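Below is one structure, written out as structure tokens; the observations come after it.
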Amino acid sequence: MSGASFRTKLAVGSAALTAGLLILCGSVAWKVNYQIQMARLDREVRSLGTANLDRVFGRDHWERFENALRFIGDDGAQRYLLLVRDEGGREVYRSPDWPEDLEPDRFPAPGPIDVSTEAELDPVHRLHRAPPRPGEPLSRDNPPLPRLHPVFLTSPGGGQTWRIGVMGNPFATLVIAANLNGLESGMRDLRRSFLFGLPLVLLLVAAASWLLAGRALRPVQLLTSAVESIDARGLHERVAMRGYDFEFQRLVEVFNAMLSRLETSFQQASRFTADAAHELRTPLTVLQGELEQALQKVPPDSGADRVLEVVLLEEVEHLKAIVEKLLMLSQADAGHLPVDPQPIDFSALVEEVADDAGILAGGRLTIERSVASGVTVPVDEILAHQLLQNLATNAIRYNRPGGSVRFGLETRDRQAVLTVANTGPGIPLGERERVFERFYRVDPARTRTRGEGAGLGLSLSREIARAHGGELRLGPDEGEWTVFELTLPLQRNGAGANAHGLGGAACSKSLRQ
């Protein structure tokens, strides 16, 4: 159950613990009840036997006694069998139904004289061993015989189980066998009832545990919801203490303290990035101006102009681009990215960027388009152009020779959906989650060559998309195609103009630029 929720584990654990306790208690209760029933049966057998051992009786008496025993029990569910022997071991009486494999010789002999019956004799007759005189009532002068201590055991016989009571007096040994079928049948019914009701009880316990666990975890769910609502731009927010039980208030305090530390660290990092970007802009601008002036003074055929223009000026421009992106990312982190959304013809903007991509490709790639016309989106045009330019540049830079770049625009679920796809080596499965990380490259071992990005373009593009209420994601690979998908909300007031986005006039081109 390693993947199960805590609530499920608690409910299952409670049910399992309850099952174990119920089975244990049920087994103990069943055994105790069985022993109680056996003790009751032993007392009944002893009572029946000792009442007929105060004299010496003949066969006729034992026949009448057995006939009387047939009326004991519920509808004959429990039957008694008799076997009587005299002091010499000769059989006086045996029940006709006595099982042959229930051998009396295997039974133990009754114990010594029962002290309780021996106490009935006065000192004069304590050693009296002669049977009472027949025809006379029992009295002090004609006392009853002392009874031997009974012995009980359980033995099978005739395909059934019997409770055997062996008792007697000095002149006779009486064996009463009580059929245990009725008792065992009742115990089986009790066990079946217990096993039948156990699943129902466990189900009720599991349901109750599930509900109680839900109530107990409610503060955790509320805390989780509160924490989930806090993002990088909301680190100044705190979870309210009120409404939580005492046990969770300490957790809230610790979490708020952690938020304070995160806020401080985040502000310091953002401030450092913004300050560094601001401080670097001026020196880079001055350096660029000095290089341009130096380039004008260098003789055209000296070779130094090539070094200044191609190497130094390009690197300075690249550094300025990195500084500008870092400044924008720091503003986005702080939630202060300047956005001025205005309804624009997004279809025309995509066509423009596709044209620029054809120029940048220099005839090395095929630019494909499937752009729905008349798609109006409320965005900051400058930021949106930078976002699309980043995607197009990325698609060109990481393409294969003779490959293709595909631009697609459609409307779907009140959103403009732009896809920019390119052929190429693709992105490994283990790297797909990291393509939007800052300064990340798919091949970290590769050193940056001239014209190659610093790994900030996709991260900045996603921040721009989110600042407009949209999203930029890496779509599933389509064969050799790597696909990026941008979604932006449509202009609400221009819904009618966008209704024909998919079915209206679409421009589909495939040209070799």
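Going through the structure tokens in order, the chains are called A, B, and so on, while each chain numbers its residues from 1 and the ligands are numbered from 1 in the order shown.
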Which residues are near A:Pro428? Cut-off 12 Å, only C-alpha atoms, ignore same chain within fewer than 2 positions. Put them as a VMD selection string. chain A and resid 424 to 426 430 to 435 441 to 443 476 to 477 482
Using the chain letters and numbers from this document, which residues of stretch 389-418 of chain A does DSSP assign to alpha helix (DSSP H), as a ChimeraX atom specification? /A:389-397
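Each of A:Ala213, A:Ala348, A:Met187, A:Val375 was compared to A:Lys9 using only C-alpha atoms, and A:Ala213 turns out to be the nearest.
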Distance atom CA of A:Thr18-atom CA of A:Leu183, one decimal place? 28.7 Å
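Counting from atom CA of A:Thr173, the distance to atom CA of A:Gly49 is 10.1 Å.
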Nearest-residue call for A:Val45, choices A:Leu10, A:Leu456, A:Ile23, A:Leu174, using only C-alpha atoms: A:Leu174
What lies within 8 Å of A:Arg462 using only C-alpha atoms, ignoring chain neighbours under 6 positions off, as a list in words?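 Counting only the stated atoms, we get Phe436, Glu471, Leu472 and Arg473 of chain A.
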Neighbouring residues of A:Leu190 were defined as those with any atom within 12 Å, considering only C-alpha atoms; residues of the same chain fewer than 3 positions away were excluded. Please report them as a PyMOL selection string. chain A and resi 26-27+29-31+33-34+183-187+193-197
In Å, rounded to a single decimal, give me how far atom CA of A:Ala177 is from atom CA of A:Arg163.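 Atom CA of A:Ala177 lies at a distance of 5.6 Å from atom CA of A:Arg163.
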Between A:Ser461, A:Thr224, A:Thr487, A:Gln160, which has the minimum distance to A:Gly408 (counting only C-alpha atoms)?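 Residue with the minimum atom-to-atom distance to A:Gly408: A:Thr487.
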Can you work out which one of A:Arg215, A:Arg7, A:Arg191, A:His468 has the shortest atom-to-atom distance to A:Leu383, counting only C-alpha atoms?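 For A:Leu383, the nearest of the candidates is A:His468.
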A:Thr393, A:Pro338, A:Arg46, A:Ile344: which is nearest A:Ile359, counting only C-alpha atoms?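 For A:Ile359, the nearest of the given residues is A:Thr393.
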